[in-house]
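Participant: Contents are mmCIF, C-alpha atoms and all ligand atoms; file name entry-v3.cif:
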data_data
#
loop_
_atom_site.label_atom_id
_atom_site.label_comp_id
_atom_site.auth_asym_id
_atom_site.auth_seq_id
_atom_site.Cartn_x
_atom_site.Cartn_y
_atom_site.Cartn_z
CA MET A 14 -20.00 163.00 32.74
CA LYS A 15 -18.06 165.35 30.45
CA PHE A 16 -18.61 165.97 26.74
CA ASP A 17 -15.72 168.40 26.10
CA ASN A 18 -14.16 166.53 23.17
CA SER A 19 -17.52 166.07 21.42
CA LYS A 20 -18.25 169.77 21.92
CA LYS A 21 -14.90 170.73 20.43
CA LEU A 22 -15.34 168.43 17.39
CA TYR A 23 -18.89 169.70 16.94
CA GLU A 24 -17.69 173.31 16.78
CA GLU A 25 -15.13 172.26 14.13
CA ALA A 26 -17.74 170.28 12.18
CA LYS A 27 -20.18 173.21 12.06
CA LYS A 28 -17.61 175.27 10.14
CA MET A 29 -17.58 172.66 7.36
CA VAL A 30 -20.94 170.87 7.53
CA PRO A 31 -24.28 172.73 7.94
CA GLY A 32 -25.50 172.05 11.47
CA GLY A 33 -22.41 169.87 12.02
CA VAL A 34 -24.31 166.71 11.06
CA SER A 35 -25.30 164.77 7.95
CA SER A 36 -28.88 163.89 8.90
CA SER A 37 -31.22 166.54 10.31
CA ILE A 38 -32.48 164.55 13.31
CA ARG A 39 -28.95 164.27 14.75
CA GLN A 40 -28.85 168.03 15.23
CA THR A 41 -31.41 167.70 18.04
CA GLU A 42 -29.13 165.56 20.25
CA TRP A 43 -28.19 166.80 23.70
CA PRO A 44 -25.78 168.34 24.75
CA VAL A 45 -24.39 168.27 21.20
CA PRO A 46 -24.46 165.52 18.58
CA LEU A 47 -21.97 163.14 20.18
CA PHE A 48 -18.83 161.96 18.39
CA PHE A 49 -18.09 158.28 18.84
CA LYS A 50 -14.86 156.37 18.62
CA SER A 51 -16.14 152.81 18.87
CA ALA A 52 -19.22 150.65 19.16
CA LYS A 53 -19.41 146.95 19.92
CA GLY A 54 -22.38 144.79 20.93
CA SER A 55 -24.83 146.78 23.05
CA LYS A 56 -22.33 149.54 23.88
CA MET A 57 -20.86 152.69 22.36
CA THR A 58 -17.90 154.77 23.52
CA ASP A 59 -17.68 158.45 22.72
CA VAL A 60 -14.56 160.59 22.23
CA ASP A 61 -14.70 161.62 25.92
CA ASP A 62 -14.49 157.93 26.89
CA ASN A 63 -18.08 157.84 28.15
CA GLU A 64 -19.59 154.39 27.65
CA PHE A 65 -23.30 154.01 26.91
CA ILE A 66 -25.69 151.12 26.53
CA ASP A 67 -27.26 152.01 23.20
CA TYR A 68 -30.94 151.73 22.25
CA VAL A 69 -30.63 153.91 19.14
CA MET A 70 -29.02 150.97 17.34
CA GLY A 71 -28.62 152.97 14.13
CA MET A 72 -32.37 153.82 14.39
CA GLY A 73 -33.13 150.14 13.97
CA PRO A 74 -30.63 148.34 11.74
CA ASN A 75 -28.30 146.82 14.36
CA ILE A 76 -30.45 143.85 15.39
CA PHE A 77 -27.35 141.94 16.49
CA GLY A 78 -25.83 144.99 18.22
CA HIS A 79 -22.86 146.93 16.92
CA SER A 80 -20.32 145.33 14.58
CA PRO A 81 -21.10 141.64 15.15
CA ASP A 82 -18.02 139.55 14.33
CA PHE A 83 -19.78 137.21 11.91
CA ILE A 84 -20.82 140.15 9.72
CA THR A 85 -17.48 141.97 9.95
CA ASN A 86 -15.65 138.77 8.99
CA SER A 87 -17.94 137.99 6.08
CA VAL A 88 -17.64 141.51 4.66
CA TYR A 89 -13.87 141.65 5.17
CA GLN A 90 -13.37 138.33 3.42
CA ASP A 91 -15.67 139.09 0.47
CA MET A 92 -14.24 142.54 -0.22
CA GLN A 93 -10.76 141.14 -0.82
CA ASP A 94 -11.97 140.24 -4.32
CA GLY A 95 -13.32 143.68 -5.21
CA PHE A 96 -16.16 145.70 -3.82
CA CYS A 97 -17.88 148.03 -6.26
CA LEU A 98 -18.30 145.69 -9.21
CA THR A 99 -21.46 147.24 -10.64
CA GLY A 100 -22.10 143.75 -11.93
CA GLN A 101 -23.79 140.57 -10.79
CA THR A 102 -22.40 138.03 -8.32
CA LYS A 103 -23.40 134.50 -7.35
CA LYS A 104 -23.79 135.73 -3.79
CA GLU A 105 -26.56 138.11 -4.89
CA ASN A 106 -28.48 135.10 -6.27
CA GLU A 107 -27.94 133.26 -2.98
CA LEU A 108 -29.21 136.30 -1.11
CA SER A 109 -32.39 136.30 -3.22
CA GLU A 110 -32.84 132.60 -2.45
CA PHE A 111 -32.54 133.35 1.28
CA VAL A 112 -35.07 136.16 0.88
CA GLU A 113 -37.49 133.74 -0.75
CA LYS A 114 -37.25 131.54 2.35
CA THR A 115 -37.89 134.43 4.74
CA LEU A 116 -40.86 136.18 3.09
CA PRO A 117 -44.34 134.74 3.63
CA PHE A 118 -45.46 135.33 0.01
CA LYS A 119 -43.95 134.45 -3.39
CA ARG A 120 -42.01 137.49 -4.57
CA LYS A 121 -39.48 138.88 -7.01
CA VAL A 122 -36.99 141.35 -5.55
CA ARG A 123 -34.76 144.29 -6.49
CA TYR A 124 -32.09 145.87 -4.28
CA ALA A 125 -30.96 149.44 -3.60
CA SER A 126 -29.04 151.22 -0.85
CA SER A 127 -31.53 153.11 1.36
CA GLY A 128 -35.14 153.03 2.49
CA THR A 129 -35.81 156.41 0.91
CA GLU A 130 -34.88 155.27 -2.59
CA ILE A 131 -36.62 151.92 -2.41
CA VAL A 132 -39.94 153.62 -1.60
CA GLN A 133 -39.53 155.76 -4.73
CA ILE A 134 -39.25 152.78 -7.06
CA ALA A 135 -42.28 151.16 -5.38
CA LEU A 136 -44.39 154.26 -6.12
CA ARG A 137 -43.07 154.52 -9.67
CA LEU A 138 -43.93 150.89 -10.37
CA ALA A 139 -47.42 151.34 -8.94
CA ARG A 140 -48.05 154.32 -11.23
CA SER A 141 -46.85 152.46 -14.27
CA PHE A 142 -48.75 149.25 -13.45
CA THR A 143 -52.09 150.94 -12.68
CA ASN A 144 -51.74 153.85 -15.09
CA LYS A 145 -52.98 156.16 -12.32
CA ASN A 146 -51.03 159.12 -10.96
CA LYS A 147 -51.77 159.77 -7.28
CA PHE A 148 -50.94 157.78 -4.17
CA LEU A 149 -52.36 157.82 -0.66
CA LYS A 150 -50.29 157.99 2.50
CA PHE A 151 -51.31 158.22 6.13
CA GLU A 152 -50.77 160.96 8.68
CA GLY A 153 -47.87 160.17 11.02
CA HIS A 154 -46.19 157.75 8.60
CA TYR A 155 -42.68 158.43 7.28
CA HIS A 156 -41.45 157.03 3.98
CA GLY A 157 -38.10 158.80 3.56
CA TRP A 158 -37.04 162.34 2.86
CA MET A 159 -37.79 162.71 -0.88
CA ASP A 160 -40.15 165.46 -2.15
CA SER A 161 -42.88 163.05 -3.21
CA VAL A 162 -43.40 161.55 0.27
CA LEU A 163 -42.24 164.12 2.84
CA TYR A 164 -45.80 165.13 3.69
CA ASN A 165 -47.72 164.94 7.01
CA SER A 166 -45.21 162.68 8.77
CA HIS A 167 -45.24 164.80 11.92
CA PRO A 168 -47.65 167.67 11.18
CA ASP A 169 -48.86 170.13 13.79
CA VAL A 170 -52.44 169.02 14.51
CA SER A 171 -53.00 171.02 17.68
CA SER A 172 -55.95 172.88 16.17
CA GLU A 173 -59.27 170.99 16.08
CA GLU A 174 -59.89 172.14 12.53
CA THR A 175 -56.66 170.75 11.11
CA LEU A 176 -57.65 169.03 7.90
CA PHE A 177 -55.98 166.24 6.05
CA ASP A 178 -54.46 168.57 3.46
CA PRO A 179 -50.94 167.74 2.27
CA ILE A 180 -48.42 169.61 4.45
CA ALA A 181 -44.83 169.62 3.16
CA GLU A 182 -42.29 168.99 5.93
CA SER A 183 -39.31 170.79 4.43
CA GLY A 184 -38.52 173.97 2.60
CA GLY A 185 -37.76 173.49 -1.08
CA ILE A 186 -40.21 170.68 -1.75
CA SER A 187 -41.58 170.84 -5.28
CA LYS A 188 -45.08 172.33 -5.04
CA GLY A 189 -46.36 170.02 -7.78
CA THR A 190 -45.83 166.95 -5.58
CA ALA A 191 -48.69 168.08 -3.30
CA ASP A 192 -51.14 167.44 -6.15
CA GLU A 193 -50.14 163.79 -6.29
CA VAL A 194 -50.51 162.82 -2.64
CA VAL A 195 -53.74 162.17 -0.75
CA ILE A 196 -53.53 162.13 3.08
CA ALA A 197 -55.72 159.99 5.34
CA PRO A 198 -55.90 159.18 9.05
CA TRP A 199 -54.56 155.71 9.90
CA ASN A 200 -56.35 152.89 11.72
CA ASP A 201 -59.74 154.27 10.60
CA ILE A 202 -61.29 152.26 7.79
CA GLU A 203 -64.49 154.35 7.54
CA ALA A 204 -62.51 157.55 7.00
CA LEU A 205 -60.55 155.83 4.25
CA GLU A 206 -63.70 154.53 2.59
CA SER A 207 -65.09 158.05 2.31
CA ILE A 208 -61.81 159.42 0.95
CA LEU A 209 -61.68 156.73 -1.73
CA LYS A 210 -65.21 157.62 -2.87
CA VAL A 211 -63.98 160.98 -4.13
CA HIS A 212 -60.65 159.90 -5.66
CA ASN A 213 -60.52 157.62 -8.68
CA ASP A 214 -56.91 158.21 -9.67
CA ILE A 215 -55.02 156.54 -6.79
CA SER A 216 -52.37 154.07 -7.91
CA ALA A 217 -51.27 152.89 -4.48
CA ILE A 218 -51.87 153.12 -0.76
CA ILE A 219 -48.61 153.05 1.15
CA THR A 220 -48.63 152.24 4.86
CA GLU A 221 -46.29 151.23 7.60
CA PRO A 222 -48.07 148.00 8.67
CA ILE A 223 -47.01 148.74 12.27
CA LEU A 224 -46.68 152.49 12.80
CA TRP A 225 -42.95 152.46 13.59
CA ASN A 226 -42.58 156.23 13.11
CA SER A 227 -45.34 157.41 15.48
CA ASN A 228 -45.49 155.72 18.87
CA VAL A 229 -45.03 152.19 17.42
CA ILE A 230 -48.81 151.80 17.07
CA LEU A 231 -50.12 148.35 16.17
CA PRO A 232 -52.95 148.16 13.61
CA ASN A 233 -56.44 147.68 15.04
CA PRO A 234 -57.72 144.10 14.67
CA GLY A 235 -58.92 143.62 11.09
CA TYR A 236 -57.58 146.99 9.89
CA LEU A 237 -54.93 145.66 7.50
CA GLU A 238 -57.34 143.01 6.19
CA ASN A 239 -59.91 145.74 5.44
CA LEU A 240 -57.24 147.87 3.82
CA ARG A 241 -56.45 144.93 1.54
CA LYS A 242 -60.15 144.53 0.65
CA LEU A 243 -60.59 148.23 -0.13
CA CYS A 244 -57.52 148.20 -2.38
CA ASN A 245 -58.92 145.20 -4.27
CA GLN A 246 -62.30 146.90 -4.70
CA HIS A 247 -60.75 150.10 -6.07
CA GLY A 248 -57.97 148.59 -8.23
CA ILE A 249 -55.31 150.18 -5.99
CA LEU A 250 -51.98 148.54 -5.15
CA LEU A 251 -51.20 148.04 -1.47
CA ILE A 252 -47.63 148.84 -0.46
CA PHE A 253 -46.33 147.85 2.97
CA ASP A 254 -43.37 150.00 3.94
CA GLU A 255 -41.46 147.50 6.09
CA VAL A 256 -38.24 149.54 6.08
CA GLY A 257 -38.49 149.62 9.88
CA THR A 258 -40.42 146.44 10.68
CA GLY A 259 -38.87 144.09 8.08
CA PHE A 260 -36.51 141.51 9.61
CA ARG A 261 -37.04 143.18 13.01
CA VAL A 262 -40.51 142.31 14.30
CA ALA A 263 -40.42 138.82 12.71
CA LEU A 264 -38.38 137.10 10.03
CA GLY A 265 -41.15 137.81 7.50
CA GLY A 266 -41.88 141.28 8.93
CA ALA A 267 -45.27 142.62 9.98
CA GLN A 268 -46.98 140.87 7.05
CA GLU A 269 -45.99 137.54 8.59
CA ILE A 270 -47.52 138.55 11.95
CA TYR A 271 -50.80 139.79 10.44
CA GLY A 272 -51.01 137.40 7.46
CA VAL A 273 -52.04 140.19 5.08
CA GLU A 274 -50.53 140.15 1.59
CA PRO A 275 -49.44 143.48 0.10
CA ASP A 276 -48.70 143.89 -3.62
CA LEU A 277 -45.31 145.48 -2.99
CA SER A 278 -43.20 145.83 0.15
CA THR A 279 -40.07 147.74 0.98
CA TYR A 280 -37.27 146.69 3.34
CA ALA A 281 -34.00 148.21 4.49
CA LYS A 282 -32.85 148.82 8.05
CA SER A 283 -32.45 145.42 9.71
CA MET A 284 -31.74 143.46 6.56
CA ALA A 285 -27.95 143.60 6.74
CA GLY A 286 -27.19 144.02 10.45
CA GLY A 287 -26.20 147.69 9.97
CA PHE A 288 -24.86 147.75 6.40
CA PRO A 289 -26.74 149.88 3.85
CA ILE A 290 -29.03 147.83 1.68
CA ALA A 291 -32.69 148.13 0.71
CA MET A 292 -35.06 145.78 -1.07
CA LEU A 293 -38.32 145.95 -2.94
CA ALA A 294 -40.29 142.70 -2.95
CA GLY A 295 -43.36 142.41 -5.09
CA LYS A 296 -45.76 140.26 -7.02
CA PRO A 297 -43.88 139.02 -10.11
CA GLU A 298 -46.36 140.50 -12.61
CA ILE A 299 -45.75 143.98 -11.13
CA MET A 300 -42.00 143.61 -10.61
CA ASP A 301 -41.57 142.49 -14.23
CA TYR A 302 -42.47 146.01 -15.33
CA MET A 303 -38.82 146.71 -14.54
CA SER A 304 -37.68 144.17 -17.14
CA ASN A 305 -40.42 144.11 -19.83
CA GLY A 306 -42.13 147.38 -19.09
CA ASN A 307 -40.85 150.89 -19.13
CA VAL A 308 -39.88 151.31 -15.47
CA VAL A 309 -36.28 152.37 -14.89
CA HIS A 310 -34.45 151.60 -11.65
CA GLY A 311 -30.77 152.47 -11.23
CA GLY A 312 -28.01 152.87 -8.64
CA SER A 313 -24.21 152.66 -8.89
CA PHE A 314 -23.91 151.19 -5.40
CA ASN A 315 -26.79 148.69 -5.69
CA THR A 316 -25.68 145.22 -4.55
CA ASN A 317 -22.13 146.32 -3.80
CA VAL A 318 -20.10 143.45 -2.37
CA MET A 319 -20.13 144.67 1.26
CA SER A 320 -23.88 145.14 1.47
CA VAL A 321 -24.67 141.83 -0.21
CA SER A 322 -22.18 140.06 2.02
CA ALA A 323 -23.67 141.59 5.18
CA ALA A 324 -27.26 140.86 4.10
CA HIS A 325 -26.29 137.30 3.14
CA ALA A 326 -24.65 136.74 6.55
CA THR A 327 -27.66 138.31 8.33
CA LEU A 328 -30.29 136.19 6.60
CA ASP A 329 -28.19 133.05 6.86
CA TYR A 330 -27.96 133.64 10.61
CA LEU A 331 -31.67 134.41 11.02
CA LEU A 332 -32.75 131.39 8.96
CA ASN A 333 -30.61 129.13 11.11
CA ASN A 334 -31.53 130.55 14.52
CA GLU A 335 -35.20 129.82 14.93
CA ASP A 336 -35.45 131.34 18.39
CA PHE A 337 -33.88 134.67 17.45
CA TYR A 338 -37.11 136.72 17.51
CA LYS A 339 -38.53 134.86 20.49
CA SER A 340 -35.52 135.78 22.56
CA LEU A 341 -35.31 139.37 21.23
CA ASN A 342 -38.96 139.91 22.19
CA LYS A 343 -38.53 138.16 25.53
CA ASN A 344 -35.66 140.43 26.58
CA GLY A 345 -37.57 143.48 25.33
CA ASP A 346 -40.59 142.41 27.38
CA ILE A 347 -38.45 142.10 30.53
CA LEU A 348 -37.13 145.62 29.93
CA ILE A 349 -40.64 147.01 29.29
CA LYS A 350 -41.94 145.41 32.49
CA GLY A 351 -39.03 146.84 34.51
CA LEU A 352 -39.47 150.34 33.06
CA LYS A 353 -43.19 150.32 33.85
CA GLU A 354 -42.52 149.18 37.42
CA VAL A 355 -39.99 151.90 38.22
CA ALA A 356 -42.19 154.59 36.62
CA LYS A 357 -45.10 153.44 38.80
CA LYS A 358 -42.89 153.49 41.88
CA HIS A 359 -42.19 157.18 41.21
CA ASP A 360 -45.81 157.94 40.30
CA ILE A 361 -44.98 158.86 36.72
CA ASP A 362 -47.52 158.15 33.97
CA ILE A 363 -45.90 156.43 31.05
CA LEU A 364 -47.23 154.35 28.20
CA ILE A 365 -45.12 151.76 26.41
CA GLN A 366 -46.47 150.48 23.09
CA GLY A 367 -45.14 148.14 20.45
CA LEU A 368 -43.41 144.80 20.72
CA GLY A 369 -40.42 143.55 22.70
CA SER A 370 -38.12 143.99 19.70
CA VAL A 371 -39.10 147.64 19.17
CA PHE A 372 -41.21 149.81 21.43
CA TYR A 373 -42.08 153.41 22.22
CA LEU A 374 -42.05 155.08 25.62
CA SER A 375 -44.35 158.10 26.02
CA PHE A 376 -45.10 160.37 28.92
CA THR A 377 -48.89 160.46 28.79
CA ASN A 378 -51.86 159.49 30.92
CA LEU A 379 -53.62 157.72 28.03
CA ASP A 380 -53.69 153.95 28.30
CA SER A 381 -53.43 153.43 24.57
CA ILE A 382 -52.62 155.48 21.48
CA LYS A 383 -54.28 154.45 18.24
CA ASN A 384 -53.34 157.12 15.73
CA TYR A 385 -51.00 160.03 15.09
CA ARG A 386 -53.37 162.68 16.53
CA ASP A 387 -53.68 160.85 19.88
CA HIS A 388 -49.90 160.78 19.93
CA ALA A 389 -49.30 164.39 18.84
CA ASN A 390 -51.89 165.88 21.20
CA ASN A 391 -51.33 163.78 24.31
CA VAL A 392 -47.64 162.91 24.58
CA ASP A 393 -45.31 165.17 26.55
CA GLN A 394 -42.33 165.27 24.17
CA GLU A 395 -40.47 167.81 26.32
CA LYS A 396 -40.58 165.46 29.28
CA TYR A 397 -39.20 162.66 27.12
CA ARG A 398 -36.33 164.90 26.05
CA GLU A 399 -35.58 165.69 29.68
CA PHE A 400 -35.75 161.98 30.51
CA SER A 401 -33.41 161.06 27.67
CA LYS A 402 -30.88 163.67 28.90
CA LEU A 403 -30.96 162.13 32.38
CA MET A 404 -30.65 158.65 30.90
CA LEU A 405 -27.59 159.74 28.90
CA LEU A 406 -26.01 161.06 32.09
CA ASN A 407 -26.79 157.66 33.64
CA GLY A 408 -25.05 155.82 30.77
CA ILE A 409 -28.00 154.99 28.49
CA ARG A 410 -28.26 156.34 24.94
CA LEU A 411 -31.85 156.76 23.70
CA SER A 412 -33.15 157.95 20.35
CA GLN A 413 -34.55 161.47 20.18
CA ASN A 414 -37.94 160.29 18.97
CA GLY A 415 -38.89 157.91 21.81
CA ARG A 416 -38.41 154.61 19.97
CA TRP A 417 -36.28 151.93 21.63
CA HIS A 418 -34.59 149.24 19.53
CA MET A 419 -33.55 145.97 21.14
CA SER A 420 -30.68 143.88 19.79
CA SER A 421 -29.60 140.33 20.51
CA SER A 422 -26.50 141.77 22.21
CA HIS A 423 -28.55 143.40 25.00
CA ASP A 424 -28.26 140.87 27.80
CA ILE A 425 -29.94 140.65 31.20
CA SER A 426 -27.18 142.67 32.83
CA ASP A 427 -27.67 145.53 30.29
CA ILE A 428 -31.41 145.38 30.96
CA GLU A 429 -30.92 145.57 34.74
CA ILE A 430 -28.53 148.52 34.38
CA THR A 431 -31.05 150.26 32.10
CA ILE A 432 -33.92 149.78 34.56
CA LYS A 433 -31.74 151.12 37.39
CA ALA A 434 -30.80 154.16 35.25
CA ALA A 435 -34.49 154.71 34.45
CA GLU A 436 -35.33 154.58 38.14
CA LEU A 437 -32.72 157.27 38.90
CA SER A 438 -33.94 159.36 35.95
CA PHE A 439 -37.64 159.08 36.90
CA ALA A 440 -36.71 160.06 40.46
CA GLU A 441 -34.96 163.19 39.19
CA LEU A 442 -37.67 164.20 36.66
C1 LIG B 1 -40.87 153.28 7.42
C2 LIG B 1 -39.69 153.98 6.82
N1 LIG B 1 -39.61 154.10 5.49
C3 LIG B 1 -38.55 154.71 4.89
C4 LIG B 1 -37.52 155.22 5.64
C5 LIG B 1 -36.34 155.86 4.96
O1 LIG B 1 -35.24 155.02 5.08
P1 LIG B 1 -33.73 155.58 4.99
O2 LIG B 1 -33.48 156.36 6.23
O3 LIG B 1 -32.89 154.32 4.89
O4 LIG B 1 -33.63 156.38 3.76
C6 LIG B 1 -37.56 155.10 7.03
C7 LIG B 1 -36.47 155.65 7.85
O5 LIG B 1 -36.56 155.81 9.04
C8 LIG B 1 -38.68 154.46 7.64
O6 LIG B 1 -38.77 154.34 8.96
#
In structure tokens, write the structure found in this file.
Ligand SMILES: Cc1ncc(COP(=O)(O)O)c(C=O)c1O

Facilitator:
Amino acid sequence: MKFDNSKKLYEEAKKMVPGGVSSSIRQTEWPVPLFFKSAKGSKMTDVDDNEFIDYVMGMGPNIFGHSPDFITNSVYQDMQDGFCLTGQTKKENELSEFVEKTLPFKRKVRYASSGTEIVQIALRLARSFTNKNKFLKFEGHYHGWMDSVLYNSHPDVSSEETLFDPIAESGGISKGTADEVVIAPWNDIEALESILKVHNDISAIITEPILWNSNVILPNPGYLENLRKLCNQHGILLIFDEVGTGFRVALGGAQEIYGVEPDLSTYAKSMAGGFPIAMLAGKPEIMDYMSNGNVVHGGSFNTNVMSVSAAHATLDYLLNNEDFYKSLNKNGDILIKGLKEVAKKHDIDILIQGLGSVFYLSFTNLDSIKNYRDHANNVDQEKYREFSKLMLLNGIRLSQNGRWHMSSSHDISDIEITIKAAELSFAEL
């Protein structure tokens, strides 16, 4: 397999764009960040005419695969009548009605364009509603790249003494933001209880209800319920960041699976089949602080015609295809089973965690990973990088962070090809 054209374009890009890419994680791709010319269904074709079965899927959003016709057609048709109206449309109301049918709890909603921004308005609302200034986030969780939240998402915890102090994950982060964030270990209710005893100024606890950003860890039985109880006891709002899990793990997200009601929840990735949209859904009395209170939320591109059209088409499809998640999970489970079998055949220790629709493959001899520190200290990331290189050479595109995203366009033949490629790659490792 050759990558000459991508390499050439990458050299050109680097002269104009720092690192040659517009999102830092892409810079880590091997052999260079690839340049693509088309993507359809489960496959992508790069500028060297290499074809890959893709499990990056936009890092989650493409639940129907790349450029599904029903979304392309809807967007194309709607944009004929204007696209950046910065005004209201009837379709936006219809979208909100669809949302009401998908979410397990009664909610009001607001829309934006990315997961990062929607988390910011959730935190702002929580501060205003509770009149308290700090918020608590968990180690290993990622809530976007803004200063306020880019703490302890992937900290170095190799030393036994590493504390739960806020560690900024980028240069240039405002030092003052560290005073407003409290860090806790996840999936450990006792640790949280002791932390809450010494902090009385926490407005909100924000959590990924399934830890999408570190090894796709599921919450321990009862953990989310206990989190809810603790928040009630301390007058703290509970925010579920469902930017990853929303519309992917179930129609009503992780909160539907676990039956735990947050005060606010954020959505983005899978909500519009690959188009940029984000949503905050919350209890009406909190959300109304944006209309009767003093909380400002803006955005020139919010509810632009293309994003509303794509989200409308996505939710319409999901509401009318009851078996969508069953079949997504079933195909994912077949793939997981096949990957485990070929790893075993080659005597390679792997762990796959998560659900059929989204899962994480680690090289480790642990038989379960329950928190970020287990993950950071016991997973051989280098080996995964080597594996993902071999998979690319065998026609399979994997994300750099170990998370695999299924789409409804991955069929049995794609799955069989992927298992075969994994077998060849394990053999070569
Ligand atoms: C849980 C979670 N929250 C927030 C974000 C930020 O979303 P975006 O990349 O759309 O800004 C992400 C992105 O990966 C995420 O996984």

Participant: From (-41.9, 163.7, 24.4), in the file's coordinates, out to 8 Å: which residues are reached, counting only C-alpha atoms? Answer as a list in words.

Facilitator: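 Answer for this query, in the requested form: Ser375, Phe376, Val392, Asp393, Gln394, Glu395, Lys396, Tyr397, Arg398, Asn414 and Gly415 of chain A.
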
Participant: Neighbours of ligand LIG 1 (chain B) at 7 Å or closer, counting all atoms listed in the file: which residues, as a PyMOL selection string?

Facilitator: chain A and resi 127-130+132+155-158+221+225-226+254-257+281-282

Participant: Within 9 Å of stretch 162-178 of chain A, counting all atoms listed in the file, which residues show up once you throw out same-chain ones fewer than 3 positions away? Write them as a list in words, please.

Facilitator: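 Listed by chain and then number, they are Val132, Gln133, Lys150, Phe151, Glu152, Gly153, His154, Tyr155, His156, Gly157, Trp158, Met159, Ala181, Glu182, Ser183, Ile186, Thr190, Ala191, Val194, Val195, Ile196, Ala197, Pro198, Asn226, Ser227, Tyr385, Arg386, Ala389 and Asn390 of chain A.
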
Participant: Pick from A:His359, A:His79, A:Lys296, A:His423: nearest to A:Ser438, with all atoms listed in the file counted?

Facilitator: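 Selected residue with least distance to A:Ser438: A:His359.
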
Participant: Using all atoms listed in the file, can you tell me which of A:Ser109, A:Gln90, A:Gln366, A:Ser36 comes closest to A:Thr316?

Facilitator: A:Ser109

Participant: For stretch 298-306 of chain A, find every residue with an atom within 10 Å (counting all atoms listed in the file), except residues of its own chain fewer than 6 positions away, and show them as a ChimeraX atom specification.

Facilitator: /A:120-123,134-135,138-139,141-143,250,276-277

Participant: Can you spit out the residues from that selection as an mmCIF file, keeping the file's coordinate frame, using C-alpha atoms?

Facilitator:
data_model
loop_
_atom_site.group_PDB
_atom_site.id
_atom_site.type_symbol
_atom_site.label_atom_id
_atom_site.label_comp_id
_atom_site.auth_asym_id
_atom_site.auth_seq_id
_atom_site.Cartn_x
_atom_site.Cartn_y
_atom_site.Cartn_z
ATOM 1 C CA ARG A 120 -42.010 137.490 -4.570
ATOM 2 C CA LYS A 121 -39.480 138.880 -7.010
ATOM 3 C CA VAL A 122 -36.990 141.350 -5.550
ATOM 4 C CA ARG A 123 -34.760 144.290 -6.490
ATOM 5 C CA ILE A 134 -39.250 152.780 -7.060
ATOM 6 C CA ALA A 135 -42.280 151.160 -5.380
ATOM 7 C CA LEU A 138 -43.930 150.890 -10.370
ATOM 8 C CA ALA A 139 -47.420 151.340 -8.940
ATOM 9 C CA SER A 141 -46.850 152.460 -14.270
ATOM 10 C CA PHE A 142 -48.750 149.250 -13.450
ATOM 11 C CA THR A 143 -52.090 150.940 -12.680
ATOM 12 C CA LEU A 250 -51.980 148.540 -5.150
ATOM 13 C CA ASP A 276 -48.700 143.890 -3.620
ATOM 14 C CA LEU A 277 -45.310 145.480 -2.990
#

Participant: Hey, which of A:Leu224, A:Lys104, A:Lys28, A:Arg261 ends up closest to A:Ile382? Count all atoms listed in the file.

Facilitator: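 The closest residue to A:Ile382 is A:Leu224.
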
Participant: Out of A:Asp17, A:Glu25, A:Glu105, A:Glu42, which residue has the shortest atom-to-atom distance to A:Asn317 when counting all atoms listed in the file?

Facilitator: A:Glu105

Participant: Suppose you want the space between atom CA of A:Phe439 and atom CA of A:Tyr338; what is it in Å?

Facilitator: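 A separation of 29.6 Å between them.
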
Participant: Using Å and a single decimal, report how far atom CA of A:Gly408 sits from atom CA of A:Phe65.

Facilitator: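 Separation between atom CA of A:Phe65 and atom CA of A:Gly408: 4.6 Å.
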
Participant: When you look at stretch 425-434 of chain A with a cut-off of 10 Å (counting all atoms listed in the file), what residues show up, excluding the ones that are within fewer than 3 positions of it in the same chain? I need them as a PyMOL selection string.

Facilitator: chain A and resi 55-56+66-68+344-345+347-356+403-410+422+437-440

Participant: For the atom pair atom CA of A:Asp336 and atom CA of A:Lys119, what is the interatomic distance in Å to one decimal place?

Facilitator: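 That distance, rounded to one decimal, is 23.6 Å.
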
Participant: Give the answer as one residue: which of A:Phe48, A:Tyr271, A:Trp43, A:Tyr330 has the shortest atom-to-atom distance to A:Ala26, using all atoms listed in the file?

Facilitator: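 For A:Ala26, the nearest of the given residues is A:Phe48.
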